[in-house]
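Engineer: Input: one structure, supplied below.
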Amino acid sequence: MKRRIELTVNGQDYEIEVEPSKLLLHALREEIGLTGTKEGCSIGVCGACSVMVDGRLTSSCLTLAIANDGKSITTIEGMVADGELDPLQQAFIDYGGSQCGFCTPGQIVAAKALLEANPHPSEDEVREWMSGNLCRCTGYYKILESVMAVVKQHEGVKG
Amino acid sequence: MLDFEYLEPTTVEEACTLLQSYGDEAVLMSGGAAVTMWISQRLLAPEAIISLAKIPNFDYVRFSEKDGLTIGAGARHRDIEMSPLVRQHYPLLYETFSKVAQPRIRYMATIGGNLCTGDPATDPGTSLMALDAEVTLTSTEGKRVLSLEEFFVDYYQTALKQGEVLTEVRVPPPAEWAGWSRIKFTPRTEEDFATVGVSVALKVRSGECEDIRLALNSVAPVIVRAHRAEEVLRGKRVTDELVNEAGEVAATEVEPTDDMRGSADYKRHLVKVLVPRAMRQALERIDG
Ligand SMILES: Cc1cc2nc3c(=O)[nH]c(=O)nc-3n(C[C@H](O)[C@H](O)[C@H](O)COP(=O)(O)OP(=O)(O)OC[C@H]3O[C@@H](n4cnc5c(N)ncnc54)[C@H](O)[C@@H]3O)c2cc1C
Ligand code: FES
Ligand code: FES
């Protein structure tokens, strides 16, 4: 039987009805129509479905929509503020961090979660954090370069 | 379409009562990382899911000199990794929790869910076993406390009886276990499950090994303690030869199987190599 739940997604409130077995991933894509969040492995390994739930990095393929009733979700679509790309999005464009683009939403959400927790990570910390986001195209170096470019921008405002 | 009730008790007592009344038909869910996957894959088709996520104060991480470390079953791996108490008093646990999967899984998965899965490839149970941790199981009948050796029964099987909830993990005070080491061997990728994992805790006084606890994961149907390898060192003056011998003995105490992370022979070989390596690291930490 369907259940009514409330989600705040990228600052906007939604009330939707979902089957109890519906994944948060599928609720976002099919009920709310935000298809930026991708489905890769469906078992928590690839990171394509990464979103933030109340600020915590989460695999939306490993959590039921009903388990997130009342929570606040950030997806890749929420990275754009007032029509301006997030610095991470711009860096992925500038440094070639995205090729086919399938993994990119997850990469950027994961990197965002890292920079919110720690604005000045070392390169090793970035590598370790991003180890949960697989990419079949870029060879990873350009992703690392993209994230580090934003870390360097933060260095200007270190304090 | 798979249908089930989704129940969200707000106390442990209520969770136990629900579990009691649904019996086999209900599945507990904590972080949900494993349960959700099993449901998606149709490995589970419960009548009810009982979520523990709405129980307040179920995710504490506390420390006292007298009782040691107590962790609520709902604490996520990330909570434990980031706890300054854990970092300060239990570096072995910090090292272990910070290498479980990757941050995304650590933000989701709880210690209760990890231990109750009973997967021999998991990491936390190994280091907790090396530190002599115990778990509290609560039901409508009351509580019982088990060591992790008693708790892990067989492949994906624990000592949890129907109607029981794992509520707390307790680790004794650390003071005397000055030597420690954790080696998680992951030749494929950083965030993988271990091909072999070794955790050791060591008490040494003037060159003599007073006590030792050695536990391994990914080498048997359960996370195991290598009792005979411990005996090689216990009460003896620690020498290089003895440390190597402990590795040889440990390799006879494991029952690895072939899988995509390596053949049984390879894993047994790794035990021979990694056990002495872990012991040397533990000894260096005492000297340093
Ligand atoms: C991609 C990926 C990588 C992983 N890598 C690692 C790794 O490197 N090392 C490692 O150790 N683990 C690893 N894991 C396993 C992971 O740690 C477990 O899946 C996770 O800890 C389960 O926790 P949970 O809170 O999500 O459990 P849930 O999915 O909520 O529950 C898991 C099981 O425990 C039972 N349960 C949960 N809580 C309780 C309780 N309090 N009392 C009684 N029963 C309970 C449930 O009924 C269920 O059977 C990985 C998992 C994934 C998906
Ligand atoms: S689709 Fe969720 S982690 Fe791969
Ligand atoms: S850009 Fe194609 S998978 Fe990463």
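Convention: chains lettered A, B, ... in structure tokens order; per-chain residue numbering from 1; ligands numbered from 1 as shown.
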Could you give me, as JSON, numbers by chain, the residues within 8 Å of segment 103-115 of chain B, counting only C-alpha atoms and dropping anything in the same chain fewer than 5 positions from it?
Structural biologist: {"A": [44, 56, 57, 58, 59, 129, 132], "B": [29, 30, 31, 32, 33, 34, 72, 73, 74, 75, 76, 77, 78, 79, 122, 124, 125, 166, 167, 168]}
Engineer: How close does chain A get to ligand 1? List, as a tab-separated table, each residue of chain A within 10 Å, its nearest atom pair and the distance in Å to one decimal, counting only C-alpha atoms and all ligand atoms.
Structural biologist:
```
residue	atom	partner	partner_atom_place_in_ligand_line	distance
A:Cys41	CA	ligand 1	1 (C)	9.5
A:Ser42	CA	ligand 1	53 (C)	9.4
A:Ile43	CA	ligand 1	53 (C)	5.8
A:Gly44	CA	ligand 1	1 (C)	4.2
A:Val45	CA	ligand 1	1 (C)	4.1
A:Cys46	CA	ligand 1	1 (C)	7.8
A:Gly47	CA	ligand 1	1 (C)	9.0
A:Ser59	CA	ligand 1	53 (C)	8.8
A:Cys61	CA	ligand 1	53 (C)	9.7
A:Leu62	CA	ligand 1	53 (C)	7.5
A:Thr63	CA	ligand 1	26 (O)	8.9
A:Gly132	CA	ligand 1	1 (C)	8.1
```
Engineer: Select all residues from chain A having any atom no more than 12 Å from an atom of chain B (counting only C-alpha atoms, ignoring ligands), output as a compact mmCIF listing (two decimals) with N, CA, C and O atoms, in the first residue's frame.
Structural biologist:
```txt
# COMPACT_ATOMS: atom_id res chain seq x y z
N MET A 1 0.83 -1.19 0.00
CA MET A 1 0.00 0.00 0.00
C MET A 1 0.88 1.26 0.00
O MET A 1 1.86 1.32 0.72
N LYS A 2 0.48 2.20 -0.81
CA LYS A 2 1.29 3.42 -0.90
C LYS A 2 1.20 4.24 0.40
O LYS A 2 0.19 4.22 1.08
N ARG A 3 2.28 4.92 0.68
CA ARG A 3 2.30 5.81 1.84
C ARG A 3 2.66 7.21 1.41
O ARG A 3 3.45 7.40 0.49
N VAL A 18 4.33 6.84 -2.17
CA VAL A 18 5.27 5.81 -2.65
C VAL A 18 4.93 4.45 -2.09
O VAL A 18 4.41 4.32 -0.98
N GLU A 19 5.24 3.42 -2.89
CA GLU A 19 5.21 2.05 -2.37
C GLU A 19 6.32 1.95 -1.32
O GLU A 19 7.37 2.59 -1.46
N PRO A 20 6.13 1.12 -0.29
CA PRO A 20 7.16 1.05 0.75
C PRO A 20 8.52 0.58 0.23
O PRO A 20 9.56 0.96 0.78
N SER A 21 8.53 -0.20 -0.85
CA SER A 21 9.82 -0.70 -1.35
C SER A 21 10.51 0.27 -2.31
O SER A 21 11.58 -0.02 -2.82
N LYS A 22 9.89 1.43 -2.55
CA LYS A 22 10.48 2.39 -3.49
C LYS A 22 11.77 2.97 -2.93
O LYS A 22 11.81 3.47 -1.81
N LEU A 23 12.83 2.92 -3.71
CA LEU A 23 14.09 3.51 -3.29
C LEU A 23 14.01 5.03 -3.36
O LEU A 23 13.31 5.59 -4.23
N LEU A 24 14.77 5.69 -2.50
CA LEU A 24 14.85 7.15 -2.59
C LEU A 24 15.29 7.55 -4.00
O LEU A 24 14.75 8.50 -4.59
N LEU A 25 16.25 6.83 -4.56
CA LEU A 25 16.73 7.08 -5.92
C LEU A 25 15.58 7.15 -6.91
O LEU A 25 15.48 8.08 -7.73
N HIS A 26 14.70 6.15 -6.85
CA HIS A 26 13.60 6.09 -7.82
C HIS A 26 12.53 7.12 -7.51
O HIS A 26 11.88 7.63 -8.44
N CYS A 41 25.24 0.94 -10.17
CA CYS A 41 25.39 -0.44 -9.69
C CYS A 41 24.18 -0.93 -8.89
O CYS A 41 23.97 -2.13 -8.78
N SER A 42 23.44 -0.05 -8.27
CA SER A 42 22.31 -0.36 -7.38
C SER A 42 22.72 -1.09 -6.10
O SER A 42 21.86 -1.58 -5.37
N ILE A 43 24.01 -1.19 -5.81
CA ILE A 43 24.44 -1.87 -4.58
C ILE A 43 25.44 -1.05 -3.77
O ILE A 43 26.24 -1.61 -3.01
N GLY A 44 25.42 0.26 -3.92
CA GLY A 44 26.21 1.09 -3.03
C GLY A 44 27.67 1.27 -3.39
O GLY A 44 28.41 1.92 -2.67
N VAL A 45 28.09 0.71 -4.51
CA VAL A 45 29.52 0.70 -4.83
C VAL A 45 29.95 1.89 -5.71
O VAL A 45 31.01 2.46 -5.50
N CYS A 46 29.13 2.27 -6.69
CA CYS A 46 29.64 3.15 -7.74
C CYS A 46 29.52 4.65 -7.45
O CYS A 46 30.25 5.45 -8.00
N GLY A 47 28.57 5.04 -6.61
CA GLY A 47 28.45 6.45 -6.25
C GLY A 47 27.65 7.30 -7.22
O GLY A 47 27.46 8.50 -6.98
N ALA A 48 27.15 6.72 -8.32
CA ALA A 48 26.40 7.53 -9.30
C ALA A 48 25.13 8.12 -8.69
O ALA A 48 24.65 9.16 -9.13
N CYS A 49 24.59 7.46 -7.68
CA CYS A 49 23.31 7.88 -7.09
C CYS A 49 23.50 8.76 -5.86
O CYS A 49 22.56 8.97 -5.11
N SER A 50 24.73 9.27 -5.65
CA SER A 50 25.02 10.04 -4.44
C SER A 50 24.12 11.26 -4.29
O SER A 50 23.96 12.05 -5.23
N VAL A 51 23.56 11.42 -3.10
CA VAL A 51 22.84 12.64 -2.72
C VAL A 51 23.25 12.95 -1.28
O VAL A 51 23.92 12.15 -0.64
N MET A 52 22.84 14.11 -0.78
CA MET A 52 23.02 14.37 0.64
C MET A 52 21.67 14.30 1.32
O MET A 52 20.69 14.84 0.81
N VAL A 53 21.63 13.63 2.46
CA VAL A 53 20.41 13.57 3.27
C VAL A 53 20.73 14.25 4.60
O VAL A 53 21.61 13.78 5.33
N ASP A 54 20.04 15.34 4.89
CA ASP A 54 20.38 16.15 6.06
C ASP A 54 21.89 16.37 6.14
O ASP A 54 22.50 16.26 7.20
N GLY A 55 22.48 16.64 4.99
CA GLY A 55 23.91 16.96 4.94
C GLY A 55 24.83 15.76 4.89
O GLY A 55 26.04 15.92 4.71
N ARG A 56 24.29 14.54 5.06
CA ARG A 56 25.15 13.36 5.03
C ARG A 56 25.18 12.74 3.64
O ARG A 56 24.12 12.47 3.07
N LEU A 57 26.37 12.47 3.17
CA LEU A 57 26.51 11.82 1.87
C LEU A 57 25.85 10.44 1.93
O LEU A 57 26.07 9.68 2.87
N THR A 58 25.04 10.12 0.94
CA THR A 58 24.21 8.91 0.98
C THR A 58 24.10 8.30 -0.41
O THR A 58 24.04 9.02 -1.41
N SER A 59 24.06 6.97 -0.46
CA SER A 59 23.71 6.28 -1.70
C SER A 59 22.20 6.20 -1.76
O SER A 59 21.58 5.49 -0.96
N SER A 60 21.59 6.91 -2.71
CA SER A 60 20.13 6.89 -2.72
C SER A 60 19.58 5.54 -3.20
O SER A 60 18.38 5.29 -3.11
N CYS A 61 20.46 4.65 -3.67
CA CYS A 61 20.02 3.29 -4.03
C CYS A 61 19.98 2.37 -2.83
O CYS A 61 19.51 1.24 -2.93
N LEU A 62 20.51 2.81 -1.69
CA LEU A 62 20.55 1.94 -0.50
C LEU A 62 19.63 2.43 0.59
O LEU A 62 19.80 2.07 1.75
N THR A 63 18.68 3.28 0.24
CA THR A 63 17.76 3.75 1.28
C THR A 63 16.36 3.87 0.69
O THR A 63 16.18 4.30 -0.46
N LEU A 64 15.38 3.44 1.48
CA LEU A 64 13.99 3.50 1.03
C LEU A 64 13.48 4.94 1.10
O LEU A 64 13.84 5.68 2.02
N ALA A 65 12.64 5.30 0.18
CA ALA A 65 12.05 6.65 0.23
C ALA A 65 11.34 6.87 1.56
O ALA A 65 11.52 7.91 2.21
N ILE A 66 10.57 5.88 2.02
CA ILE A 66 9.83 6.08 3.28
C ILE A 66 10.74 6.25 4.48
O ILE A 66 10.32 6.85 5.48
N ALA A 67 11.96 5.75 4.39
CA ALA A 67 12.89 5.93 5.50
C ALA A 67 13.40 7.38 5.55
O ALA A 67 14.10 7.75 6.49
N ASN A 68 13.07 8.16 4.54
CA ASN A 68 13.54 9.55 4.48
C ASN A 68 12.43 10.58 4.64
O ASN A 68 12.60 11.76 4.36
N ASP A 69 11.28 10.09 5.13
CA ASP A 69 10.13 10.98 5.37
C ASP A 69 10.57 12.14 6.27
O ASP A 69 11.17 11.92 7.32
N GLY A 70 10.29 13.37 5.82
CA GLY A 70 10.60 14.55 6.64
C GLY A 70 12.03 15.05 6.49
O GLY A 70 12.40 16.03 7.12
N GLY A 106 27.13 12.35 -9.31
CA GLY A 106 27.58 11.72 -8.07
C GLY A 106 28.93 12.23 -7.63
O GLY A 106 29.17 12.47 -6.44
N GLN A 107 29.84 12.42 -8.59
CA GLN A 107 31.17 12.93 -8.25
C GLN A 107 31.05 14.31 -7.60
O GLN A 107 31.69 14.60 -6.59
N VAL A 109 28.38 15.80 -6.19
CA VAL A 109 27.70 15.79 -4.88
C VAL A 109 28.66 15.27 -3.81
O VAL A 109 28.74 15.82 -2.70
N ALA A 110 29.44 14.23 -4.14
CA ALA A 110 30.39 13.68 -3.16
C ALA A 110 31.45 14.72 -2.81
O ALA A 110 31.77 14.93 -1.63
N ALA A 111 31.97 15.39 -3.83
CA ALA A 111 33.00 16.40 -3.58
C ALA A 111 32.43 17.55 -2.75
O ALA A 111 33.08 18.08 -1.85
N ALA A 113 30.02 17.34 -0.55
CA ALA A 113 29.89 16.87 0.84
C ALA A 113 31.24 16.95 1.54
O ALA A 113 31.33 17.34 2.72
N LEU A 114 32.30 16.59 0.83
CA LEU A 114 33.64 16.69 1.42
C LEU A 114 33.97 18.14 1.76
O LEU A 114 34.38 18.46 2.88
N ALA A 117 32.29 19.50 4.75
CA ALA A 117 32.83 19.00 6.02
C ALA A 117 34.24 19.52 6.27
O ALA A 117 34.65 19.75 7.39
N GLU A 125 43.51 13.28 1.02
CA GLU A 125 42.16 13.21 1.59
C GLU A 125 41.10 13.22 0.49
O GLU A 125 40.09 12.52 0.57
N VAL A 126 41.33 14.01 -0.54
CA VAL A 126 40.38 14.04 -1.66
C VAL A 126 40.36 12.68 -2.35
O VAL A 126 39.30 12.11 -2.63
N ARG A 127 41.55 12.13 -2.60
CA ARG A 127 41.62 10.81 -3.25
C ARG A 127 40.86 9.77 -2.43
O ARG A 127 40.10 8.96 -2.98
N GLU A 128 41.10 9.76 -1.13
CA GLU A 128 40.48 8.75 -0.29
C GLU A 128 38.95 8.93 -0.28
O GLU A 128 38.21 7.97 -0.43
N TRP A 129 38.52 10.16 -0.11
CA TRP A 129 37.08 10.44 -0.05
C TRP A 129 36.39 10.03 -1.35
O TRP A 129 35.32 9.43 -1.35
N MET A 130 37.03 10.37 -2.47
CA MET A 130 36.40 10.14 -3.77
C MET A 130 36.54 8.68 -4.24
O MET A 130 36.06 8.33 -5.31
N SER A 131 37.17 7.84 -3.42
CA SER A 131 37.37 6.44 -3.83
C SER A 131 36.04 5.71 -4.01
O SER A 131 35.98 4.67 -4.65
N GLY A 132 34.97 6.24 -3.45
CA GLY A 132 33.67 5.59 -3.59
C GLY A 132 32.88 6.03 -4.81
O GLY A 132 31.70 5.68 -4.94
N ASN A 133 33.49 6.81 -5.69
CA ASN A 133 32.80 7.26 -6.91
C ASN A 133 33.56 6.78 -8.13
O ASN A 133 34.64 7.28 -8.45
N LEU A 134 33.00 5.80 -8.80
CA LEU A 134 33.69 5.20 -9.94
C LEU A 134 33.43 6.00 -11.21
O LEU A 134 32.37 6.60 -11.39
```
Engineer: Would you kindly return, as a PyMOL selection string, each protein, DNA or RNA residue with an atom no farther than 8 Å from any atom of Val153 of chain B, considering only C-alpha atoms and excluding same-chain residues fewer than 4 positions away?
Structural biologist: chain B and resi 118+149+157-159+222
Engineer: When DSSP is applied to the backbone of this structure, which of segment 46-281 of chain B are assigned helix (DSSP H, G or I)? Write them out as a ChimeraX atom specification.
Structural biologist: /B:77-82,84-89,91-97,103-108,111-117,124-130,148-151,227-233,240-252,264-281
Engineer: Which residues, written as a PyMOL selection string, have at least one atom at most 10 Å from Glu210 of chain B, with only C-alpha atoms counted and residues fewer than 5 positions away on the same chain left out?
Structural biologist: chain B and resi 202-205+233-237
Engineer: Print the selection's residues with all heavy atoms to a file, as an mmCIF file, in the first residue's frame.
Structural biologist:
```cif
data_model
loop_
_atom_site.group_PDB
_atom_site.id
_atom_site.type_symbol
_atom_site.label_atom_id
_atom_site.label_comp_id
_atom_site.auth_asym_id
_atom_site.auth_seq_id
_atom_site.Cartn_x
_atom_site.Cartn_y
_atom_site.Cartn_z
ATOM 1 N N LEU B 202 48.094 -5.975 22.051
ATOM 2 C CA LEU B 202 49.251 -6.599 22.685
ATOM 3 C C LEU B 202 49.590 -5.873 23.989
ATOM 4 O O LEU B 202 49.569 -4.657 24.052
ATOM 5 C CB LEU B 202 50.419 -6.431 21.698
ATOM 6 C CG LEU B 202 51.610 -7.332 21.689
ATOM 7 C CD1 LEU B 202 51.197 -8.780 21.518
ATOM 8 C CD2 LEU B 202 52.512 -6.931 20.506
ATOM 9 N N LYS B 203 49.896 -6.682 25.030
ATOM 10 C CA LYS B 203 50.405 -6.117 26.285
ATOM 11 C C LYS B 203 51.800 -6.655 26.472
ATOM 12 O O LYS B 203 51.978 -7.867 26.577
ATOM 13 C CB LYS B 203 49.582 -6.660 27.460
ATOM 14 C CG LYS B 203 48.537 -5.750 28.015
ATOM 15 C CD LYS B 203 47.950 -6.368 29.270
ATOM 16 C CE LYS B 203 46.459 -6.514 29.116
ATOM 17 N NZ LYS B 203 45.778 -7.034 30.298
ATOM 18 N N VAL B 204 52.797 -5.786 26.524
ATOM 19 C CA VAL B 204 54.171 -6.253 26.694
ATOM 20 C C VAL B 204 54.791 -5.513 27.868
ATOM 21 O O VAL B 204 54.627 -4.294 28.002
ATOM 22 C CB VAL B 204 55.004 -6.005 25.407
ATOM 23 C CG1 VAL B 204 56.472 -6.347 25.644
ATOM 24 C CG2 VAL B 204 54.460 -6.831 24.255
ATOM 25 N N ARG B 205 55.453 -6.254 28.769
ATOM 26 C CA ARG B 205 56.189 -5.595 29.849
ATOM 27 C C ARG B 205 57.630 -6.092 29.839
ATOM 28 O O ARG B 205 57.847 -7.292 29.807
ATOM 29 C CB ARG B 205 55.529 -5.888 31.199
ATOM 30 C CG ARG B 205 56.082 -4.991 32.301
ATOM 31 C CD ARG B 205 55.139 -4.892 33.476
ATOM 32 N NE ARG B 205 53.823 -4.329 33.100
ATOM 33 C CZ ARG B 205 52.741 -4.405 33.867
ATOM 34 N NH1 ARG B 205 52.783 -5.017 35.013
ATOM 35 N NH2 ARG B 205 51.602 -3.860 33.480
ATOM 36 N N LEU B 233 53.028 -16.614 21.653
ATOM 37 C CA LEU B 233 53.681 -15.435 22.252
ATOM 38 C C LEU B 233 53.369 -15.226 23.727
ATOM 39 O O LEU B 233 54.178 -14.648 24.457
ATOM 40 C CB LEU B 233 53.255 -14.166 21.494
ATOM 41 C CG LEU B 233 53.816 -13.982 20.090
ATOM 42 C CD1 LEU B 233 53.375 -12.646 19.535
ATOM 43 C CD2 LEU B 233 55.336 -14.035 20.104
ATOM 44 N N ARG B 234 52.198 -15.681 24.146
ATOM 45 C CA ARG B 234 51.748 -15.335 25.504
ATOM 46 C C ARG B 234 52.730 -15.833 26.568
ATOM 47 O O ARG B 234 53.098 -16.995 26.580
ATOM 48 C CB ARG B 234 50.344 -15.894 25.765
ATOM 49 C CG ARG B 234 49.718 -15.348 27.039
ATOM 50 C CD ARG B 234 48.266 -15.745 27.218
ATOM 51 N NE ARG B 234 47.370 -14.963 26.365
ATOM 52 C CZ ARG B 234 46.633 -15.469 25.395
ATOM 53 N NH1 ARG B 234 46.655 -16.758 25.158
ATOM 54 N NH2 ARG B 234 45.847 -14.694 24.667
ATOM 55 N N GLY B 235 53.156 -14.892 27.438
ATOM 56 C CA GLY B 235 54.054 -15.255 28.534
ATOM 57 C C GLY B 235 55.507 -15.420 28.118
ATOM 58 O O GLY B 235 56.348 -15.809 28.911
ATOM 59 N N LYS B 236 55.803 -15.140 26.844
ATOM 60 C CA LYS B 236 57.178 -15.362 26.366
ATOM 61 C C LYS B 236 57.891 -14.034 26.084
ATOM 62 O O LYS B 236 57.252 -13.003 25.916
ATOM 63 C CB LYS B 236 57.141 -16.150 25.045
ATOM 64 C CG LYS B 236 56.286 -17.373 25.067
ATOM 65 C CD LYS B 236 57.113 -18.647 25.072
ATOM 66 C CE LYS B 236 56.210 -19.857 25.213
ATOM 67 N NZ LYS B 236 55.192 -19.920 24.142
ATOM 68 N N ARG B 237 59.198 -14.127 26.005
ATOM 69 C CA ARG B 237 59.992 -12.999 25.507
ATOM 70 C C ARG B 237 59.780 -12.914 24.004
ATOM 71 O O ARG B 237 59.908 -13.908 23.311
ATOM 72 C CB ARG B 237 61.478 -13.300 25.762
ATOM 73 C CG ARG B 237 62.110 -12.318 26.645
ATOM 74 C CD ARG B 237 63.600 -12.267 26.644
ATOM 75 N NE ARG B 237 63.984 -10.889 26.379
ATOM 76 C CZ ARG B 237 63.662 -9.879 27.179
ATOM 77 N NH1 ARG B 237 62.989 -10.087 28.294
ATOM 78 N NH2 ARG B 237 64.012 -8.643 26.869
#
```
Engineer: Considering only C-alpha atoms, return as a list of chain:residue names whatever protein or nucleic-acid residues lie within 12 Å of Lys142 of chain A, sequence-local ones (same chain, fewer than 3 positions apart) excluded.
Structural biologist: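 The residues that qualify are A:Ala91, A:Phe92, A:Ile93, A:Asp94, A:Tyr95, A:Gly96, A:Gly97, A:Ser98, A:Gln99, A:Thr104, A:Gln107, A:Arg127, A:Cys135, A:Cys137, A:Thr138, A:Gly139, A:Glu145, A:Ser146, A:Val147, A:Met148, A:Ala149.
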Engineer: Select, from B:Gly262, B:Pro174, B:Tyr155, B:Val135, the residue with the minimum atom-to-atom distance to Gln88 of chain B, counting only C-alpha atoms.
Structural biologist: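 Of all the options, B:Pro174 lies closest to Gln88 of chain B.
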Engineer: Using DSSP on the backbone coordinates, identify the residues of segment 50-185 of chain B assigned to strand (DSSP E or B); present them as number ranges by chain.
Structural biologist: B: 50-51, 61-64, 68-72, 76, 110, 134-139, 142-147, 152-154, 157-158, 165-171, 179-185
Engineer: Residues near Glu248 of chain B, anyone? I mean within 10 Å using only C-alpha atoms, not counting same-chain ones fewer than 6 positions away, as a list in words.
Structural biologist: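 With the cut-off at 10 Å, the set is Ala229, Leu242, Arg268, His269, Val271, Lys272, Val273, Val275 and Pro276 of chain B.
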